[in-house]
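Here's the structure, in structure tokens; my notes come after.
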Amino acid sequence: MFTKDEDMFLCLDHTWLKFRTAQLIQVGELAQQLTSSYCMVVVKQGEGHLSIDLETYRMQPDTVHVLVPGQTVGLCDGQKSELYLIAFDMQNDTSDVGVNFPLVGELPVHIESALSQLCEQLYLSCRSESAVERFRAQSLFLELIYWVMTHIRQNPKSDSRAAMDRTKSYIEAHYRESMTIEQLARMAEISPKYYVSLFKKTYGKTAIDYLTEVRVNMAKQLMLQTEVRLKDVAYQVGYNDEFYFSRIFKKEVGVSPTVYLKNRRQRIVAYSSTVLGQLLALKIMPYAAPLHPKWSSYYYNKYRTDIPLHLSGYRFNEDWETNVAALEHSQVHFIISTDQLAIEEKERLSHIAPVHIVPLYDKNWQEQLHATAQIVGALDEAVVWMEGYNRHIQLLRERLQEELQNDNVLMASLLGDSFYLLPTRGMRDVFRDLGLQPPLGVEKYAKNQSLTLEELAQLDADHLLLNIRQESETLQHWERIRTSATWQDLKVVRRNRLHLISSDPWREYSAYAMERMVQDIHEHLCDNRT
């Protein structure tokens with residue numbers, strides 16, 4: 001909890017703050033994005049959960065979050081939610097090293113209309129056509145910072161939140177026991193009906209779903225032990241019926257406890273997200289893999305409780321020395337990696353366990369899947385998976401021909417202020433496999449050649465699937481582009497045929513990612529047509 005201390009603000013005597021931009025996020029989901037500057041998050045309205053780095057926070061109007069450069073932020077479970085994302089820079093005019101902004105992290109503040117009004121004025125001023133009004137945004141920003149500093153709340157959590165936390169802790173400590181909603185509601189001293197509503201509002205899931213989640217996660221931990229019996233596991237996590245436990249486990253995890261146990265016999269390290277995607281297609285859960293809420297958001301959200309050892313996935317495995325150190329203290333059987341290893345990195349890994357290399361650029365994803373299957377002894381599973389994938393491709397190809405008729409389709413990414421056509425191998429493979437037709441004129445642009453907005457407009461696409469890179473500079477350009485007259489006049493915008501696609505999975509190249517890309521195409525071009 002933040003404690004207001006006048007000494008903490010002494011550094012402001014030598015600090016320069018520069019306001020950069022203010023965004024009003026008005027969507028239910030915000031993909032995890034990297035911040036290149038300081039950022040302040042202020043909730044305007046709605047419900048949901050903020051994901052900051054590896055932590056999750058409930059959106060609350062009486063809480064402000066301040067992020068430092070290099071952190072990531074996203075929004076999930078948003079319900080008609082709106083929040084302000086305010087970026088700024090800080091500079092110190094003394095020789096002191098390591099001086100940081102005094103307000104960082106989760107800051108409880110008093111609820112007053114002034115906070116929302118200041119944010120709204122700041123948001124409007126920075127978008128004004130008047131240079132004088134945009135200059136005024138600097139003073140509004142400093143006034144906002146002053147307001148936060150002078151309205152920090154020292155009171156503890158509300159009674160209702162404390163009651164919810166007590167029952168949540170009770171579930172975590174007594175998951176082996178049978179419990180009812182009526183029992184938990186009595187502990188919170190509220191009615192069962194209100195308890196059900198309040199628990200879901202507070203934590204994003206029902207109390208029963210949370211109990212099941214805790215039990216299944218504990219079962220996974222028990223399965224890491226050798227010679228464990230499923231009957232004993234079921235009993236230890238609160239299920240007297242082994243077969244009922246198996247049904248619950250398969251519903252939550254996707255595979256039966258027997259298959260899960262078989263996969264756990266081998267402690268496999270997936271040393272990149274690409275390798276993780278190949279293993280998951282083979283229904284094999286690795287012992288260790290890189291996980292991060294931005295750079296591997298899908299895997300992080302879906303599988304972080306299934307993978308015991310989390311390697312750093314920051315900026316696509318930038319922290320390789322930290323990962324090697326983590327593996328040195330674990331007993332893994334073998335490591336699967338792409339050929340993107342530094343010489344020293346590969347040498348150190350080889351002292352831990354045998355290292356198997358799957359070429360990333362010299363093989364397509366099907367060949368990579370086959371090579372991975374050979375390493376783990378799952379060639380039959382690879383054949384079955386490919387047959388299912390090819391059937392799905394054929395069916396969707398026929399459906400798209402019916403839906404699109406003669407419409408053309410364009411796939412692109414926005415990086416900085418430039419557009420790039422089909423920049424990833426996955427995009428190119430899916431585009432070809434589904435028989436999608438590009439607009440006339442695409443052929444004159446070479447691979448990785450950048451396009452301006454005006455050049456993109458000249459292609460006159462019928463459908464545009466656009467990936468916007470989730471980092472500060474690109475997002476600022478996107479804010480300017482999407483409000484411009486040229487953008488608003490695009491046919492895909494006027495006809496509501498712009499489809500925003502996430503970097504995850506579209507920038508990954510694996511069997512599992514390809515399957516998710518195909519599903520993405522189905523949802524955008526078939527299910528959501530207007």
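Quick note on naming: the chains in the structure tokens go A, B, ... in the order shown, residues restart at 1 in each chain, and ligands are numbered from 1 in order of appearance.
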Between region 30-64 of chain A and region 21-24 of chain A, at 12 Å or less, what are the per-residue closest atom pairs and their distances in Å? Count only C-alpha atoms, order by chain and rising residue number, and return it as CSV.
```
residue,atom,partner,partner_atom,distance
A:Leu30,CA,A:Leu24,CA,11.5
A:Ser37,CA,A:Thr21,CA,10.5
A:Tyr38,CA,A:Thr21,CA,10.9
A:Cys39,CA,A:Ala22,CA,9.4
A:Met40,CA,A:Ala22,CA,9.3
A:Val41,CA,A:Gln23,CA,9.8
A:Val42,CA,A:Leu24,CA,9.6
A:Val43,CA,A:Leu24,CA,9.7
A:Lys44,CA,A:Leu24,CA,8.9
A:Gln45,CA,A:Leu24,CA,11.1
```
Exercise. Per DSSP on the backbone, what are the helix (DSSP H, G or I) residues of region 269-475 of chain A, as a PyMOL selection string?
Worked result: chain A and resi 273-281+297-303+320-328+343-350+365-376+379-404+425-433+442-444+453-459+472-475
Exercise. Given the choices A:Asn496, A:Ser330, A:Ser296, A:Ser413, which gets closest to Ala513 (chain A) if the distance is worked out from only C-alpha atoms?
Worked result: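 Of the candidates, the smallest distance to Ala513 (chain A) is held by A:Ser296.
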Problem set entry | Residue neighbourhood Cys76 (chain A), 10 Å, only C-alpha atoms, exclusion window fewer than 4 positions, as an MDAnalysis selection string | chainID A and resid 27:32 47:51 56 58:59 81 204
Exercise. Using only C-alpha atoms, which residue out of A:Asp62, A:Asn408, A:Ile393, A:Pro293 lies closest to Asp504 (chain A)?
Worked result: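 Among the listed residues, A:Pro293 lies closest to Asp504 (chain A).
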Exercise. Do you have the CA of Ile521 (chain A)-CA of Tyr299 (chain A) distance handy?
Worked result: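 Computing it gives 19.6 Å between the two atoms.
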Problem set entry | Surrounding residues of Ile248 (chain A) excluding itself and chain neighbours under 5 positions, 12 Å, only C-alpha atoms, as a PyMOL selection string | chain A and resi 209+211-213+215-217+219+234+237-239+241-243+253-257
Emit the selected residues as a PDB file, in the first residue's frame, including N, CA and C atoms.
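Printed below is part_26.pdb as written:
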```
ATOM      1  N   ASP A 209     -16.538 -21.775  -9.824  1.00  0.00           N
ATOM      2  CA  ASP A 209     -15.503 -21.895 -10.864  1.00  0.00           C
ATOM      3  C   ASP A 209     -14.115 -21.705 -10.262  1.00  0.00           C
ATOM      4  N   LEU A 211     -13.234 -22.393  -7.136  1.00  0.00           N
ATOM      5  CA  LEU A 211     -12.934 -23.604  -6.369  1.00  0.00           C
ATOM      6  C   LEU A 211     -12.446 -24.706  -7.309  1.00  0.00           C
ATOM      7  N   THR A 212     -13.116 -24.880  -8.439  1.00  0.00           N
ATOM      8  CA  THR A 212     -12.689 -25.889  -9.418  1.00  0.00           C
ATOM      9  C   THR A 212     -11.294 -25.582  -9.937  1.00  0.00           C
ATOM     10  N   GLU A 213     -11.028 -24.314 -10.222  1.00  0.00           N
ATOM     11  CA  GLU A 213      -9.707 -23.913 -10.711  1.00  0.00           C
ATOM     12  C   GLU A 213      -8.621 -24.242  -9.696  1.00  0.00           C
ATOM     13  N   ARG A 215      -8.720 -26.507  -7.286  1.00  0.00           N
ATOM     14  CA  ARG A 215      -8.588 -27.964  -7.172  1.00  0.00           C
ATOM     15  C   ARG A 215      -7.806 -28.556  -8.344  1.00  0.00           C
ATOM     16  N   VAL A 216      -8.132 -28.131  -9.552  1.00  0.00           N
ATOM     17  CA  VAL A 216      -7.437 -28.664 -10.735  1.00  0.00           C
ATOM     18  C   VAL A 216      -5.966 -28.266 -10.714  1.00  0.00           C
ATOM     19  N   ASN A 217      -5.671 -27.031 -10.342  1.00  0.00           N
ATOM     20  CA  ASN A 217      -4.271 -26.595 -10.269  1.00  0.00           C
ATOM     21  C   ASN A 217      -3.488 -27.382  -9.220  1.00  0.00           C
ATOM     22  N   ALA A 219      -4.229 -30.424  -8.332  1.00  0.00           N
ATOM     23  CA  ALA A 219      -4.092 -31.767  -8.902  1.00  0.00           C
ATOM     24  C   ALA A 219      -2.888 -31.826  -9.842  1.00  0.00           C
ATOM     25  N   ALA A 234      -7.379 -37.393  -6.893  1.00  0.00           N
ATOM     26  CA  ALA A 234      -8.767 -36.936  -6.826  1.00  0.00           C
ATOM     27  C   ALA A 234      -9.197 -36.714  -5.385  1.00  0.00           C
ATOM     28  N   VAL A 237      -7.682 -33.577  -3.609  1.00  0.00           N
ATOM     29  CA  VAL A 237      -8.139 -32.243  -4.021  1.00  0.00           C
ATOM     30  C   VAL A 237      -9.647 -32.079  -3.844  1.00  0.00           C
ATOM     31  N   GLY A 238     -10.287 -33.020  -3.145  1.00  0.00           N
ATOM     32  CA  GLY A 238     -11.686 -32.812  -2.771  1.00  0.00           C
ATOM     33  C   GLY A 238     -12.722 -33.577  -3.556  1.00  0.00           C
ATOM     34  N   TYR A 239     -12.298 -34.564  -4.383  1.00  0.00           N
ATOM     35  CA  TYR A 239     -13.262 -35.360  -5.155  1.00  0.00           C
ATOM     36  C   TYR A 239     -13.221 -36.818  -4.691  1.00  0.00           C
ATOM     37  N   ASP A 241     -15.058 -39.166  -6.094  1.00  0.00           N
ATOM     38  CA  ASP A 241     -15.308 -39.994  -7.273  1.00  0.00           C
ATOM     39  C   ASP A 241     -14.212 -39.730  -8.306  1.00  0.00           C
ATOM     40  N   GLU A 242     -13.385 -40.744  -8.557  1.00  0.00           N
ATOM     41  CA  GLU A 242     -12.269 -40.598  -9.495  1.00  0.00           C
ATOM     42  C   GLU A 242     -12.754 -40.273 -10.906  1.00  0.00           C
ATOM     43  N   PHE A 243     -13.884 -40.856 -11.319  1.00  0.00           N
ATOM     44  CA  PHE A 243     -14.381 -40.653 -12.679  1.00  0.00           C
ATOM     45  C   PHE A 243     -14.980 -39.250 -12.842  1.00  0.00           C
ATOM     46  N   VAL A 253      -8.892 -28.728 -18.558  1.00  0.00           N
ATOM     47  CA  VAL A 253      -7.538 -28.755 -19.112  1.00  0.00           C
ATOM     48  C   VAL A 253      -7.537 -29.070 -20.606  1.00  0.00           C
ATOM     49  N   GLY A 254      -8.524 -29.856 -21.057  1.00  0.00           N
ATOM     50  CA  GLY A 254      -8.571 -30.210 -22.472  1.00  0.00           C
ATOM     51  C   GLY A 254      -8.109 -31.616 -22.762  1.00  0.00           C
ATOM     52  N   VAL A 255      -7.405 -32.235 -21.824  1.00  0.00           N
ATOM     53  CA  VAL A 255      -6.988 -33.633 -21.958  1.00  0.00           C
ATOM     54  C   VAL A 255      -7.325 -34.354 -20.662  1.00  0.00           C
ATOM     55  N   SER A 256      -7.414 -35.674 -20.715  1.00  0.00           N
ATOM     56  CA  SER A 256      -7.740 -36.457 -19.528  1.00  0.00           C
ATOM     57  C   SER A 256      -6.561 -36.481 -18.569  1.00  0.00           C
ATOM     58  N   PRO A 257      -6.789 -36.787 -17.289  1.00  0.00           N
ATOM     59  CA  PRO A 257      -5.670 -36.891 -16.340  1.00  0.00           C
ATOM     60  C   PRO A 257      -4.640 -37.928 -16.770  1.00  0.00           C
TER      61      PRO A 257
END
```
Exercise. Could you state the separation of CA of Leu142 (chain A) and CA of Phe19 (chain A) in Å, given to one decimal place?
Worked result: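 Atom-to-atom, CA of Leu142 (chain A) and CA of Phe19 (chain A) are spaced 8.3 Å apart.
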Exercise. From the list A:Met285, A:His499, A:Lys168, A:Gln221, which residue is nearest Thr206 (chain A) when using only C-alpha atoms?
Worked result: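 Among the listed residues, the smallest separation from Thr206 (chain A) belongs to A:Lys168.
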For this session: Identify all residues of region 327-455 of chain A in strand (DSSP E or B) (DSSP on the backbone) and supply them as a list of chain:residue names.
Result: A:Phe334, A:Ile335, A:Ile336, A:Ser337, A:Thr338, A:Val355, A:His356, A:Ile357, A:Val358, A:Val409, A:Leu410, A:Met411, A:Ala412, A:Ser413, A:Leu414, A:Leu415, A:Ser418, A:Phe419, A:Tyr420, A:Leu421, A:Ser450, A:Leu451
Output file for the selection above: C-alpha atoms, as a PDB file, in the first residue's frame:
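Result saved to again38.pdb:
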```
ATOM      1  CA  PHE A 334      15.866 -32.459 -22.886  1.00  0.00           C
ATOM      2  CA  ILE A 335      15.533 -29.003 -24.457  1.00  0.00           C
ATOM      3  CA  ILE A 336      13.934 -28.186 -27.807  1.00  0.00           C
ATOM      4  CA  SER A 337      14.889 -24.897 -29.417  1.00  0.00           C
ATOM      5  CA  THR A 338      14.892 -23.157 -32.762  1.00  0.00           C
ATOM      6  CA  VAL A 355      19.555 -29.793 -26.877  1.00  0.00           C
ATOM      7  CA  HIS A 356      17.475 -30.568 -29.997  1.00  0.00           C
ATOM      8  CA  ILE A 357      17.408 -27.898 -32.705  1.00  0.00           C
ATOM      9  CA  VAL A 358      14.480 -27.308 -35.074  1.00  0.00           C
ATOM     10  CA  VAL A 409      -8.690  -9.348 -49.042  1.00  0.00           C
ATOM     11  CA  LEU A 410      -5.631  -7.518 -47.751  1.00  0.00           C
ATOM     12  CA  MET A 411      -3.539  -8.382 -44.682  1.00  0.00           C
ATOM     13  CA  ALA A 412      -1.163  -5.794 -43.245  1.00  0.00           C
ATOM     14  CA  SER A 413       0.657  -4.646 -40.133  1.00  0.00           C
ATOM     15  CA  LEU A 414       1.128  -1.103 -38.869  1.00  0.00           C
ATOM     16  CA  LEU A 415       4.585  -0.419 -37.413  1.00  0.00           C
ATOM     17  CA  SER A 418       4.105   2.658 -42.043  1.00  0.00           C
ATOM     18  CA  PHE A 419       2.058  -0.282 -43.304  1.00  0.00           C
ATOM     19  CA  TYR A 420       3.572  -3.636 -44.346  1.00  0.00           C
ATOM     20  CA  LEU A 421       1.716  -6.173 -46.513  1.00  0.00           C
ATOM     21  CA  SER A 450       6.684  -0.095 -46.331  1.00  0.00           C
ATOM     22  CA  LEU A 451       3.547   1.664 -47.581  1.00  0.00           C
TER      23      LEU A 451
END
```
Exercise. Near Leu184 (chain A), within 10 Å and counting only C-alpha atoms, which residues show up once chain neighbours fewer than 6 positions away are dropped, as a list in words?
Worked result: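 Near Leu184 (chain A), the qualifying residues are Ala163, Met164, Arg166, Thr167, Lys168, Tyr170, Ile171, Ile190, Ser191, Pro192, Tyr195, Val196 and Ala207 of chain A.
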Problem set entry | Long-range neighbours of Ile25 (chain A) as a PyMOL selection string, 7 Å cut-off, only C-alpha atoms, 3 positions minimum in chain | chain A and resi 82-84
For this session: To one decimal in Å, tell me the separation between CA of Met149 (chain A) and CA of Arg161 (chain A).
Result: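 Computing it gives 24.4 Å between the two atoms.
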Exercise. If you count only C-alpha atoms, which residues fall within 12 Å of Val275 (chain A), apart from same-chain ones fewer than 5 positions away, as number ranges by chain?
Worked result: A: 268-270, 280-282, 284-286, 288-290, 335-340, 356-360, 365, 368-373, 375-376, 508-513
Exercise. In terms of the shortest atom-to-atom distance over only C-alpha atoms, which of A:Phe245, A:Leu456, A:His392, A:Tyr303 is closest to Gln519 (chain A)?
Worked result: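 Result for the nearest residue to Gln519 (chain A): A:His392.
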Exercise. Between A:Val64, A:Ile208, A:Ile86, A:Leu404, which is the closest to Val109 (chain A) once you count only C-alpha atoms?
Worked result: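 Nearest to Val109 (chain A): A:Val64.
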Problem set entry | Shortest interatomic distance to Gly74 (chain A) - which of A:Thr305, A:Ser169, A:Gln470, A:Gln138, counting only C-alpha atoms | A:Gln470
